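Down below is the structure, laid out as structure tokens.
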Amino acid sequence: MLLTFTMLTCTQKKAGSGIIIAGSTSVQPFIEQVADNYMREHPGIAIIVQGGGSTAGIQATFNRICNIGTSSRHLIGDEKRLKQILIAMDGVAVIVHPSNPVDNLTVEQIRGIFTGKIRNWKDVGGKDEIIIPVTREEGSGTRGSFEELIMEGEEISDRCLVQDSNGSVREIIATTPNGIGYISAGLVDEREKAIAIDGIKPTPENLISHHYKFCRPFLLLLLEEPKGEVKKFIDYVLSPKGQKILAGNGLIPAVPFNNER
Amino acid sequence: MKDKIAEKFLMVVAFSAILTLALISFFIFQQGLPLIFKAGLHNIFSTHWAPTRGHFGILSMIVGSIMVTAGALIIGVSFGLACTIFLSEFSSGTIQKTLKPIIELLAGIPSVVYGFMGIVILVPFVRTHFGGPGFSVLTASIILGIMILPTIVSISYDSLRAVPKTYREGSFALGATKWQTVVMLLIPAARSGIIAGIILGMGRAIGETMAVIMIAGNALKIPHSILDSVRTLTSTIALELGYATGDHRAALFACGSFLFIIIVILNIIAIRFKGKE
Amino acid sequence: MTFRVGPRTNQIIAYTALLIMTVITIFVLFFIIGFILKNGLGQVSLKFLTERTTDMGKAGGIFPSILGTLFVTLLAIIIAAPIGVGSAVYLVEYTKAGFVRRIISFGADCLNGVPSIIFGLFGFIFFVITLNFGWSVLSGGLTLAVMILPTIIRTSEEAIKTVPRAYREISYSLGGGKLDTILKVVLPTALPGILTGVILGIGRAIGETAAVIFTAGSSLGLPTSIFSSTRTLAVHFYILAREGISMPKAYATATVLIIIILLINFIAYRLVHRFIARYY
């Protein structure tokens, strides 16, 4: 019985005409929007977007579980054997509850908070309240970028709460008055406040002008040169239409396009 | 002839449960054990968890699982036994018939719904009234306590009902009150079943994943108070599985191996106690 | 000064304490269900049930998740029900108390206690990776089948046990073989009990999250074959609630989930009662 199942899968997998995209939960909401638009313009093709995480996406690409992998961090070591396509840059925003009077922190202060050396908001100009830092789980692309950009080799304290997606970090910060966390800049909404780092806020203008330095790549990953439907979709993502969708959601486009109406 | 074939076929089918159990243990251990040997026990039983950099300490998660389970048992057992005794000894047939299925309904509510109630009601409540982040040992214990309550009620109720009527009648005839009868006679008589129920509830609490992830905060540090955040074995697996590769993934299966061993031991103990009845 | 309380007073104190604790428990249950329904019922509409999910769940309905839940659960039942009932028949009709029965019972009991995350781990490494089924309805359904198998074995076993000996003897005396007796007499008589087990299994499968999120995936697309990845209702609710995508949609999804579970439990309860009324 098992054998028939296995054979069934093999034949089915080849016959399928859809595209499976899997990987970074940070890239997922953005690529999903592009895919939605693409499917509307090209009825008949099905694009399935999965989460799982950057590292899982890289593995899934190697194992051919998906046609396109996504990553929100740079590839390291052996992973570089994959073909990478940069589709956008994304800012990493440090967020706090809107009621928090703190608007600006230095990189050193943020590092101090996440290493556990600074534990009270009054030490960084806020109220006399315990700081509740929220980090991402081991293996997350966003955590990888945060460690690379802000922590500079120091280890994130085990005091920090741990959540496994941008959304769940955002949800905790939005409901916890003394929390601090970091998420994709494109996902910050009105329920939390992105603070300025060394005086610069992660606004779209600052991101595009590269004033805000804490950025990371959004990558599409392939095992081989794209062809057929996969190539058509990647071309669409990199076209002005696709890039406009990404930019409209707060990302920095990889391919500059004419932003006239 | 037909009967013989049917018997052989059904035998194969009947062994499927034990076979899947074997298959599950094989795959979990095959993935997890090599890392335990490779990293060494002193690495595994440390509190330093950074699996992408070669530190596989799961001690804080084991402690976390124990703390949360203990808290859940305090709540689940006290309320569970109270409900059981009330239903079985202090209420009429109609009340028993209505309330028992209602309590058992608690078991059917998906664990994510419990987790959600924890987030929207209990976490803010604990944060504003007791302090700390709200995502804490206390919050997780309360929610898990409610979740394991039906398991405890349903098994201990059955064993309390199984105590012969003559025990009660004899005790009343000697002038004992209902409460004295319950404490001195019925609970000791139904002991095995009650313990089996508690152990199975304990298994549920240790194994619960999604609700705990939502409300425990998942900090890796060993909690110093019940208001601190906590990380369990199960939540580590679910939080990181999607992202893990290589040794990191193996480390999660190592967590799974420990969890599996704990659960099987608990089950064997529970089956023993149940069998004693 | 020592203060002694007489057994009567003691009884009154104990009774009051037990009553209060029971009332609290019942209140918690009604509160959970009431809270979800109060916040969600207004959001549920035919449109919500039949529309596709858009914008990661911020907008649109939950049709793909309903379909996904249906497929995954159906597959799980199709696989687990025959195996579970078969096992139960073998246990009751073909084995005597002894080693074989003990080991099969032990397997079912142990499997019953295994936490769902372990099933998730197993399904992920075995179905998704080793057998290369990927995140799919197939992987999710198979994992859930393994998970609900012990429930079905146990309930069917109980149901078959309650079929009176006399029924079987009449069938034998009329010349019926063992298999015929099982198929034509034992199983039909035990049917309500067996169905209860199957329905409880369905309930467990629908409410499950940890075991399906790593095997069926979390894609929002419409599942078109057993190899499509899908996001079940429980997983969809988990993601909506946890990531704060949309609270109204989260409440609405939870409402649908709770109503299904209540319905299933109610049907199972009614079946058990009809069943019990017939034999006691």
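Ordered as shown in the structure tokens, chains take letters A, B, and onward, while each chain numbers its residues from 1 and ligands are numbered from 1 in the order shown.
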If you run DSSP over the backbone, which residues in region 53-197 of chain A end up alpha helix (DSSP H)? Put them as JSON, numbers by chain. {"A": [54, 55, 56, 57, 58, 59, 60, 61, 62, 107, 108, 109, 110, 111, 112, 113, 114, 115, 141, 142, 143, 144, 145, 146, 166, 167, 168, 169, 170, 171, 172, 173, 174, 175]}
With a distance threshold of 12 Å and counting only C-alpha atoms, extract the residues of chain C near chain A and express them as a VMD selection string. chain C and resid 52 to 58 79 126 to 136 138 to 139 142 213 to 231 238 to 247
Using only C-alpha atoms, determine which residues of chain A fall within 9 Å of chain B; present them as JSON, numbers by chain.
{"A": [23, 24, 51, 52, 53, 54, 55, 56, 57, 59, 130, 132, 134, 135, 137, 138, 139, 140, 141, 157, 158, 159, 160, 161, 162, 163, 164, 168, 175, 176, 178, 179]}
Just to be explicit: take each residue in the selection above, keep C-alpha atoms, and write the result as a PDB file, in the first residue's frame.
```pdb
ATOM      1  CA  GLY A  23      10.515  29.774   3.346  1.00  0.00           C
ATOM      2  CA  SER A  24      10.881  32.995   5.297  1.00  0.00           C
ATOM      3  CA  GLY A  51       5.873  29.777   5.624  1.00  0.00           C
ATOM      4  CA  GLY A  52       8.332  27.673   7.544  1.00  0.00           C
ATOM      5  CA  GLY A  53      11.265  30.013   7.881  1.00  0.00           C
ATOM      6  CA  SER A  54      14.349  31.006   5.911  1.00  0.00           C
ATOM      7  CA  THR A  55      16.391  27.952   6.819  1.00  0.00           C
ATOM      8  CA  ALA A  56      13.488  25.637   6.053  1.00  0.00           C
ATOM      9  CA  GLY A  57      13.000  27.426   2.728  1.00  0.00           C
ATOM     10  CA  GLN A  59      16.379  23.184   2.714  1.00  0.00           C
ATOM     11  CA  ILE A 130      10.939  46.633  33.930  1.00  0.00           C
ATOM     12  CA  ILE A 132      10.205  43.114  28.617  1.00  0.00           C
ATOM     13  CA  VAL A 134      10.859  39.971  22.911  1.00  0.00           C
ATOM     14  CA  THR A 135      13.106  38.169  20.463  1.00  0.00           C
ATOM     15  CA  GLU A 137      13.485  31.964  17.902  1.00  0.00           C
ATOM     16  CA  GLU A 138      16.814  30.341  17.096  1.00  0.00           C
ATOM     17  CA  GLY A 139      17.103  29.875  13.299  1.00  0.00           C
ATOM     18  CA  SER A 140      14.850  32.777  12.268  1.00  0.00           C
ATOM     19  CA  GLY A 141      16.095  34.980   9.429  1.00  0.00           C
ATOM     20  CA  SER A 157      19.882  37.135  26.757  1.00  0.00           C
ATOM     21  CA  ASP A 158      17.802  34.140  27.777  1.00  0.00           C
ATOM     22  CA  ARG A 159      15.541  36.546  29.703  1.00  0.00           C
ATOM     23  CA  CYS A 160      13.885  37.587  26.454  1.00  0.00           C
ATOM     24  CA  LEU A 161      10.479  36.210  25.562  1.00  0.00           C
ATOM     25  CA  VAL A 162      10.664  34.180  22.357  1.00  0.00           C
ATOM     26  CA  GLN A 163       8.105  34.231  19.541  1.00  0.00           C
ATOM     27  CA  ASP A 164       8.224  32.531  16.165  1.00  0.00           C
ATOM     28  CA  SER A 168       3.392  37.251  17.066  1.00  0.00           C
ATOM     29  CA  THR A 175      -0.555  44.493  23.999  1.00  0.00           C
ATOM     30  CA  THR A 176       2.386  44.813  26.424  1.00  0.00           C
ATOM     31  CA  ASN A 178       6.694  47.665  28.638  1.00  0.00           C
ATOM     32  CA  GLY A 179       7.708  45.427  25.751  1.00  0.00           C
TER      33      GLY A 179
END
```
#### Entry: Who sits within 9 Å of Ile237 (chain B), only C-alpha atoms, same chain under 2 positions skipped, as an NGL selection string
(:B and (209 or 232-235 or 239-242 or 249 or 251-253 or 255-256)) or (:C and (117 or 121))
Those same residues - all heavy atoms - I'd like them written as a short mmCIF file (atom, residue, chain, number, x, y, z; two decimals), in the first residue's frame.
```cif
data_model
loop_
_atom_site.label_atom_id
_atom_site.label_comp_id
_atom_site.auth_asym_id
_atom_site.auth_seq_id
_atom_site.Cartn_x
_atom_site.Cartn_y
_atom_site.Cartn_z
N THR B 209 1.10 21.65 23.60
CA THR B 209 2.07 22.47 22.88
C THR B 209 1.54 23.85 22.53
O THR B 209 2.05 24.86 23.00
CB THR B 209 2.48 21.75 21.59
OG1 THR B 209 2.81 20.42 21.89
CG2 THR B 209 3.66 22.45 20.95
N THR B 232 8.92 25.30 27.58
CA THR B 232 8.81 23.85 27.80
C THR B 232 9.45 23.08 26.65
O THR B 232 9.79 23.67 25.62
CB THR B 232 7.33 23.41 27.91
OG1 THR B 232 6.72 23.65 26.65
CG2 THR B 232 6.60 24.18 28.99
N LEU B 233 9.61 21.79 26.83
CA LEU B 233 10.16 20.93 25.78
C LEU B 233 9.30 21.02 24.52
O LEU B 233 9.81 21.18 23.41
CB LEU B 233 10.19 19.47 26.25
CG LEU B 233 11.31 19.05 27.20
CD1 LEU B 233 11.02 17.66 27.73
CD2 LEU B 233 12.65 19.06 26.50
N THR B 234 7.99 20.92 24.72
CA THR B 234 7.09 20.92 23.57
C THR B 234 7.13 22.23 22.81
O THR B 234 7.16 22.24 21.59
CB THR B 234 5.64 20.67 24.01
OG1 THR B 234 5.35 21.58 25.06
CG2 THR B 234 5.43 19.26 24.47
N SER B 235 7.17 23.35 23.55
CA SER B 235 7.12 24.62 22.82
C SER B 235 8.41 24.84 22.04
O SER B 235 8.39 25.44 20.97
CB SER B 235 6.81 25.80 23.74
OG SER B 235 7.44 25.69 24.97
N LEU B 239 8.20 25.77 18.19
CA LEU B 239 8.69 27.10 17.82
C LEU B 239 9.75 27.01 16.75
O LEU B 239 9.82 27.84 15.84
CB LEU B 239 9.32 27.79 19.04
CG LEU B 239 8.44 28.55 20.00
CD1 LEU B 239 9.26 29.01 21.19
CD2 LEU B 239 7.80 29.74 19.33
N GLU B 240 10.63 26.01 16.86
CA GLU B 240 11.83 26.02 16.03
C GLU B 240 11.85 25.00 14.91
O GLU B 240 12.72 25.05 14.05
CB GLU B 240 13.07 25.84 16.94
CG GLU B 240 13.18 26.97 17.95
CD GLU B 240 14.41 26.87 18.85
OE1 GLU B 240 15.28 26.03 18.59
OE2 GLU B 240 14.48 27.64 19.82
N LEU B 241 10.88 24.05 14.91
CA LEU B 241 10.96 22.97 13.94
C LEU B 241 10.97 23.49 12.50
O LEU B 241 11.74 23.02 11.67
CB LEU B 241 9.80 21.98 14.12
CG LEU B 241 9.83 20.77 13.18
CD1 LEU B 241 11.06 19.93 13.42
CD2 LEU B 241 8.59 19.93 13.31
N GLY B 242 10.14 24.47 12.23
CA GLY B 242 10.04 24.99 10.87
C GLY B 242 11.36 25.54 10.37
O GLY B 242 11.62 25.53 9.18
N ARG B 249 17.87 20.61 14.00
CA ARG B 249 16.69 19.76 13.89
C ARG B 249 16.86 18.52 14.77
O ARG B 249 15.94 18.10 15.47
CB ARG B 249 16.44 19.36 12.45
CG ARG B 249 15.11 18.64 12.29
CD ARG B 249 15.03 17.84 11.03
NE ARG B 249 14.65 18.66 9.89
CZ ARG B 249 14.72 18.23 8.64
NH1 ARG B 249 15.19 17.03 8.37
NH2 ARG B 249 14.37 19.02 7.64
N ALA B 251 18.53 18.28 17.43
CA ALA B 251 18.36 18.68 18.83
C ALA B 251 16.87 18.72 19.20
O ALA B 251 16.49 18.36 20.31
CB ALA B 251 19.00 20.04 19.08
N LEU B 252 16.03 19.15 18.26
CA LEU B 252 14.59 19.18 18.52
C LEU B 252 14.04 17.77 18.65
O LEU B 252 13.16 17.50 19.47
CB LEU B 252 13.86 19.95 17.42
CG LEU B 252 14.27 21.42 17.30
CD1 LEU B 252 13.50 22.09 16.18
CD2 LEU B 252 14.05 22.14 18.61
N PHE B 253 14.57 16.86 17.82
CA PHE B 253 14.15 15.46 17.96
C PHE B 253 14.67 14.88 19.27
O PHE B 253 14.05 13.97 19.84
CB PHE B 253 14.59 14.62 16.76
CG PHE B 253 13.65 14.74 15.60
CD1 PHE B 253 13.80 15.73 14.64
CD2 PHE B 253 12.56 13.88 15.50
CE1 PHE B 253 12.92 15.85 13.60
CE2 PHE B 253 11.66 13.99 14.45
CZ PHE B 253 11.84 14.98 13.49
N CYS B 255 14.81 16.62 22.04
CA CYS B 255 13.75 17.07 22.95
C CYS B 255 12.58 16.11 22.86
O CYS B 255 12.01 15.68 23.88
CB CYS B 255 13.22 18.46 22.57
SG CYS B 255 14.33 19.80 22.92
N GLY B 256 12.20 15.77 21.60
CA GLY B 256 11.09 14.85 21.38
C GLY B 256 11.35 13.50 22.03
O GLY B 256 10.46 12.90 22.61
N ILE C 117 2.30 16.84 19.51
CA ILE C 117 3.51 17.38 18.90
C ILE C 117 4.43 16.24 18.47
O ILE C 117 5.14 16.34 17.47
CB ILE C 117 4.24 18.36 19.86
CG1 ILE C 117 5.46 19.00 19.18
CG2 ILE C 117 4.68 17.70 21.14
CD1 ILE C 117 5.15 19.99 18.12
N LEU C 121 6.00 15.67 14.86
CA LEU C 121 7.41 15.38 14.57
C LEU C 121 7.52 14.15 13.68
O LEU C 121 8.24 14.14 12.68
CB LEU C 121 8.18 15.10 15.87
CG LEU C 121 8.82 16.24 16.63
CD1 LEU C 121 9.50 15.72 17.87
CD2 LEU C 121 9.84 16.96 15.75
#
```
From a backbone DSSP assignment, name each residue in region 2-245 of chain B labelled strand (DSSP E), as a short mmCIF file (atom, residue, chain, number, x, y, z; two decimals) with all heavy atoms, in the first residue's frame.
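Once written, selection_32.cif looks like this:
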```cif
data_model
loop_
_atom_site.label_atom_id
_atom_site.label_comp_id
_atom_site.auth_asym_id
_atom_site.auth_seq_id
_atom_site.Cartn_x
_atom_site.Cartn_y
_atom_site.Cartn_z
N TRP B 49 21.14 26.99 25.50
CA TRP B 49 20.49 26.51 24.28
C TRP B 49 20.79 27.48 23.15
O TRP B 49 20.23 28.58 23.10
CB TRP B 49 18.99 26.38 24.50
CG TRP B 49 18.17 26.07 23.28
CD1 TRP B 49 17.44 26.96 22.53
CD2 TRP B 49 17.98 24.79 22.67
NE1 TRP B 49 16.81 26.30 21.50
CE2 TRP B 49 17.12 24.97 21.56
CE3 TRP B 49 18.44 23.49 22.94
CZ2 TRP B 49 16.72 23.92 20.73
CZ3 TRP B 49 18.03 22.45 22.11
CH2 TRP B 49 17.18 22.67 21.03
N ALA B 50 21.73 27.11 22.28
CA ALA B 50 22.00 27.88 21.07
C ALA B 50 22.37 26.85 20.01
O ALA B 50 23.52 26.71 19.62
CB ALA B 50 23.14 28.87 21.30
N HIS B 55 25.37 24.52 21.06
CA HIS B 55 24.97 24.35 22.47
C HIS B 55 23.57 23.79 22.53
O HIS B 55 22.63 24.43 22.08
CB HIS B 55 25.04 25.69 23.21
CG HIS B 55 26.42 26.28 23.20
ND1 HIS B 55 27.44 25.79 23.95
CD2 HIS B 55 26.92 27.31 22.48
CE1 HIS B 55 28.54 26.49 23.71
NE2 HIS B 55 28.25 27.41 22.82
N PHE B 56 23.45 22.59 23.07
CA PHE B 56 22.16 21.90 23.02
C PHE B 56 21.56 21.69 24.40
O PHE B 56 20.94 20.66 24.67
CB PHE B 56 22.32 20.56 22.31
CG PHE B 56 22.93 20.69 20.95
CD1 PHE B 56 24.24 20.28 20.72
CD2 PHE B 56 22.21 21.24 19.90
CE1 PHE B 56 24.80 20.41 19.46
CE2 PHE B 56 22.77 21.37 18.64
CZ PHE B 56 24.08 20.95 18.43
#
```
(message) List as an MDAnalysis selection string the protein and nucleic acid residues near region 234-236 of chain A, meaning an atom at most 10 Å away when only C-alpha atoms are counted, but skip any in the same chain fewer than 4 places from it.
(response) chainID A and resid 34:35 37:38 68 85 87 220 226:227 229:230 240:243
*Shell around Leu138 (chain B) at 7 Å using only C-alpha atoms, local window under 3 positions removed, as JSON, numbers by chain*: {"B": [141, 142, 226, 227]}
Counting only C-alpha atoms, chain B residues within 7 Å of chain C, as a ChimeraX atom specification
/B:3,10-11,13-15,17-18,21,24,27-28,79,82-83,86,103,106,108-110,112,116,177,179,203-204,207-210,214,234,256,263-264,267
Output for the residues just chosen: N, CA, C and O atoms as a CSV table (one decimal), in the first residue's frame:
```csv
chain,number,residue,atom,x,y,z
B,3,ASP,N,-13.0,-17.9,7.0
B,3,ASP,CA,-12.8,-17.4,8.4
B,3,ASP,C,-11.3,-17.4,8.7
B,3,ASP,O,-10.9,-16.5,9.4
B,10,LEU,N,-7.2,-9.8,10.1
B,10,LEU,CA,-7.6,-8.9,11.2
B,10,LEU,C,-6.4,-8.9,12.2
B,10,LEU,O,-6.1,-7.9,12.9
B,11,MET,N,-5.6,-10.0,12.3
B,11,MET,CA,-4.5,-10.0,13.2
B,11,MET,C,-3.5,-8.9,12.8
B,11,MET,O,-3.0,-8.2,13.6
B,13,VAL,N,-4.1,-6.3,11.0
B,13,VAL,CA,-4.6,-5.0,11.3
B,13,VAL,C,-4.5,-4.6,12.7
B,13,VAL,O,-4.1,-3.5,13.1
B,14,ALA,N,-4.8,-5.6,13.6
B,14,ALA,CA,-4.8,-5.3,15.0
B,14,ALA,C,-3.4,-4.9,15.6
B,14,ALA,O,-3.3,-4.2,16.5
B,15,PHE,N,-2.4,-5.4,14.9
B,15,PHE,CA,-1.0,-5.1,15.3
B,15,PHE,C,-0.6,-3.7,14.9
B,15,PHE,O,0.5,-3.2,15.2
B,17,ALA,N,-1.6,-0.7,15.7
B,17,ALA,CA,-1.4,0.3,16.7
B,17,ALA,C,0.0,0.2,17.3
B,17,ALA,O,0.7,1.1,17.4
B,18,ILE,N,0.4,-1.1,17.7
B,18,ILE,CA,1.7,-1.3,18.3
B,18,ILE,C,2.8,-1.0,17.3
B,18,ILE,O,3.8,-0.5,17.6
B,21,LEU,N,3.3,2.6,16.9
B,21,LEU,CA,4.0,3.1,18.1
B,21,LEU,C,5.5,2.8,17.9
B,21,LEU,O,6.4,3.7,18.2
B,24,ILE,N,6.9,5.2,15.3
B,24,ILE,CA,7.1,6.6,15.9
B,24,ILE,C,8.4,6.6,16.7
B,24,ILE,O,9.2,7.5,16.5
B,27,PHE,N,11.6,6.5,14.5
B,27,PHE,CA,11.9,7.7,13.8
B,27,PHE,C,12.4,8.8,14.8
B,27,PHE,O,13.3,9.6,14.5
B,28,ILE,N,11.7,9.0,15.9
B,28,ILE,CA,12.1,10.0,16.8
B,28,ILE,C,13.5,9.8,17.4
B,28,ILE,O,14.3,10.6,17.4
B,79,PHE,N,-9.5,21.1,41.5
B,79,PHE,CA,-10.8,21.3,41.0
B,79,PHE,C,-11.4,20.0,40.4
B,79,PHE,O,-12.6,19.8,40.5
B,82,ALA,N,-12.7,17.9,43.2
B,82,ALA,CA,-13.9,18.5,43.8
B,82,ALA,C,-15.1,18.2,43.0
B,82,ALA,O,-16.1,17.8,43.5
B,83,CYS,N,-15.0,18.4,41.6
B,83,CYS,CA,-16.1,18.2,40.8
B,83,CYS,C,-16.5,16.7,40.8
B,83,CYS,O,-17.7,16.4,40.9
B,86,PHE,N,-18.2,16.0,44.2
B,86,PHE,CA,-19.5,16.6,44.2
B,86,PHE,C,-20.5,15.9,43.3
B,86,PHE,O,-21.6,15.6,43.8
B,103,ILE,N,-18.9,18.8,31.6
B,103,ILE,CA,-17.5,18.9,32.0
B,103,ILE,C,-16.6,18.1,30.9
B,103,ILE,O,-15.6,18.6,30.5
B,106,LEU,N,-15.5,20.1,28.0
B,106,LEU,CA,-14.2,20.8,28.1
B,106,LEU,C,-13.1,20.2,27.3
B,106,LEU,O,-12.2,20.8,26.8
B,108,GLY,N,-13.3,18.5,24.6
B,108,GLY,CA,-13.4,18.6,23.2
B,108,GLY,C,-13.0,20.0,22.6
B,108,GLY,O,-12.7,20.1,21.5
B,109,ILE,N,-12.9,21.0,23.5
B,109,ILE,CA,-12.6,22.3,23.0
B,109,ILE,C,-11.1,22.3,22.5
B,109,ILE,O,-10.2,21.9,23.3
B,110,PRO,N,-10.8,22.8,21.3
B,110,PRO,CA,-9.4,22.7,20.8
B,110,PRO,C,-8.5,23.5,21.7
B,110,PRO,O,-8.8,24.5,22.2
B,112,VAL,N,-6.0,25.3,20.9
B,112,VAL,CA,-5.7,26.7,20.5
B,112,VAL,C,-6.8,27.7,21.1
B,112,VAL,O,-6.4,28.8,21.3
B,116,PHE,N,-5.9,30.9,23.2
B,116,PHE,CA,-6.4,32.2,22.8
B,116,PHE,C,-7.1,32.9,24.0
B,116,PHE,O,-6.9,34.1,24.3
B,177,THR,N,-20.8,10.7,58.5
B,177,THR,CA,-21.4,11.6,57.6
B,177,THR,C,-20.9,11.3,56.2
B,177,THR,O,-20.0,10.5,56.0
B,179,TRP,N,-19.3,13.2,54.1
B,179,TRP,CA,-17.9,13.6,53.9
B,179,TRP,C,-16.9,12.7,54.5
B,179,TRP,O,-15.9,12.4,53.9
B,203,GLY,N,0.3,13.6,31.9
B,203,GLY,CA,0.8,13.4,30.5
B,203,GLY,C,0.2,14.4,29.6
B,203,GLY,O,1.0,14.9,28.7
B,204,ARG,N,-1.0,14.7,29.7
B,204,ARG,CA,-1.6,15.7,28.8
B,204,ARG,C,-0.9,17.1,29.0
B,204,ARG,O,-0.7,17.8,28.1
B,207,GLY,N,2.5,17.2,27.5
B,207,GLY,CA,2.5,17.1,26.1
B,207,GLY,C,1.9,18.3,25.4
B,207,GLY,O,2.1,18.5,24.2
B,208,GLU,N,1.1,19.1,26.1
B,208,GLU,CA,0.4,20.2,25.4
B,208,GLU,C,1.4,21.2,24.8
B,208,GLU,O,2.4,21.5,25.4
B,209,THR,N,1.1,21.6,23.6
B,209,THR,CA,2.1,22.5,22.9
B,209,THR,C,1.5,23.9,22.5
B,209,THR,O,2.1,24.9,23.0
B,210,MET,N,0.5,23.9,21.7
B,210,MET,CA,0.1,25.2,21.1
B,210,MET,C,-0.4,26.2,22.2
B,210,MET,O,0.0,27.3,22.1
B,214,MET,N,1.4,29.9,23.2
B,214,MET,CA,0.7,31.2,23.1
B,214,MET,C,0.8,31.9,24.4
B,214,MET,O,0.8,33.2,24.4
B,234,THR,N,8.0,20.9,24.7
B,234,THR,CA,7.1,20.9,23.6
B,234,THR,C,7.1,22.2,22.8
B,234,THR,O,7.2,22.2,21.6
B,256,GLY,N,12.2,15.8,21.6
B,256,GLY,CA,11.1,14.9,21.4
B,256,GLY,C,11.4,13.5,22.0
B,256,GLY,O,10.5,12.9,22.6
B,263,ILE,N,6.6,10.4,28.5
B,263,ILE,CA,5.2,10.0,28.3
B,263,ILE,C,5.0,8.5,28.4
B,263,ILE,O,4.0,8.1,29.0
B,264,VAL,N,5.8,7.7,27.8
B,264,VAL,CA,5.7,6.3,27.8
B,264,VAL,C,5.7,5.8,29.3
B,264,VAL,O,4.9,5.0,29.7
B,267,ASN,N,2.6,6.6,31.0
B,267,ASN,CA,1.5,5.8,30.5
B,267,ASN,C,1.5,4.4,31.1
B,267,ASN,O,0.5,3.8,31.5
```
### Shell of 10 Å around region 194-200 of chain A, only C-alpha atoms, local chain residues under 5 positions omitted, as a PyMOL selection string
chain A and resi 92-98+102-110+180-183+185+188-189+206-207+211-214
**Item:** Gly116 (chain A) environment, 8 Å, only C-alpha atoms, sequence neighbours closer than 2 positions dropped, as a PyMOL selection string
**Value:** chain A and resi 112-114+118-119+156-157+159
Atoms to include: N, CA and C atoms. Write the selected residues as a short mmCIF file (atom, residue, chain, number, x, y, z; two decimals), in the first residue's frame.
```cif
data_model
loop_
_atom_site.label_atom_id
_atom_site.label_comp_id
_atom_site.auth_asym_id
_atom_site.auth_seq_id
_atom_site.Cartn_x
_atom_site.Cartn_y
_atom_site.Cartn_z
N GLY A 112 22.29 46.68 24.81
CA GLY A 112 22.25 46.51 26.26
C GLY A 112 20.94 45.88 26.72
N ILE A 113 19.83 46.31 26.11
CA ILE A 113 18.53 45.76 26.49
C ILE A 113 18.45 44.28 26.14
N PHE A 114 18.91 43.93 24.95
CA PHE A 114 18.75 42.54 24.51
C PHE A 114 19.81 41.59 25.10
N ILE A 118 20.71 46.23 30.41
CA ILE A 118 19.78 47.30 30.77
C ILE A 118 18.42 46.66 30.99
N ARG A 119 17.86 46.82 32.19
CA ARG A 119 16.62 46.11 32.49
C ARG A 119 15.47 47.03 32.86
N ILE A 156 22.12 37.23 22.58
CA ILE A 156 20.83 37.69 23.10
C ILE A 156 20.52 36.96 24.40
N SER A 157 20.11 37.70 25.42
CA SER A 157 19.88 37.13 26.76
C SER A 157 18.75 36.10 26.76
N ARG A 159 16.69 35.95 29.02
CA ARG A 159 15.54 36.55 29.70
C ARG A 159 14.43 36.89 28.71
#
```
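When CA of Ala107 (chain B) is paired with CA of Ile148 (chain C), their separation reads 14.6 Å.
Here CA of Ile45 (chain A) is placed at a distance of 10.1 Å from CA of Phe233 (chain A).
You can rank A:Leu149, A:Val255, A:Ile131, A:Cys215 by their closest distance to Pro177 (chain A) using only C-alpha atoms, and at the top of that list sits A:Ile131.
Interatomic distance, CA of Ala211 (chain B) to CA of Gly118 (chain B): 8.0 Å.
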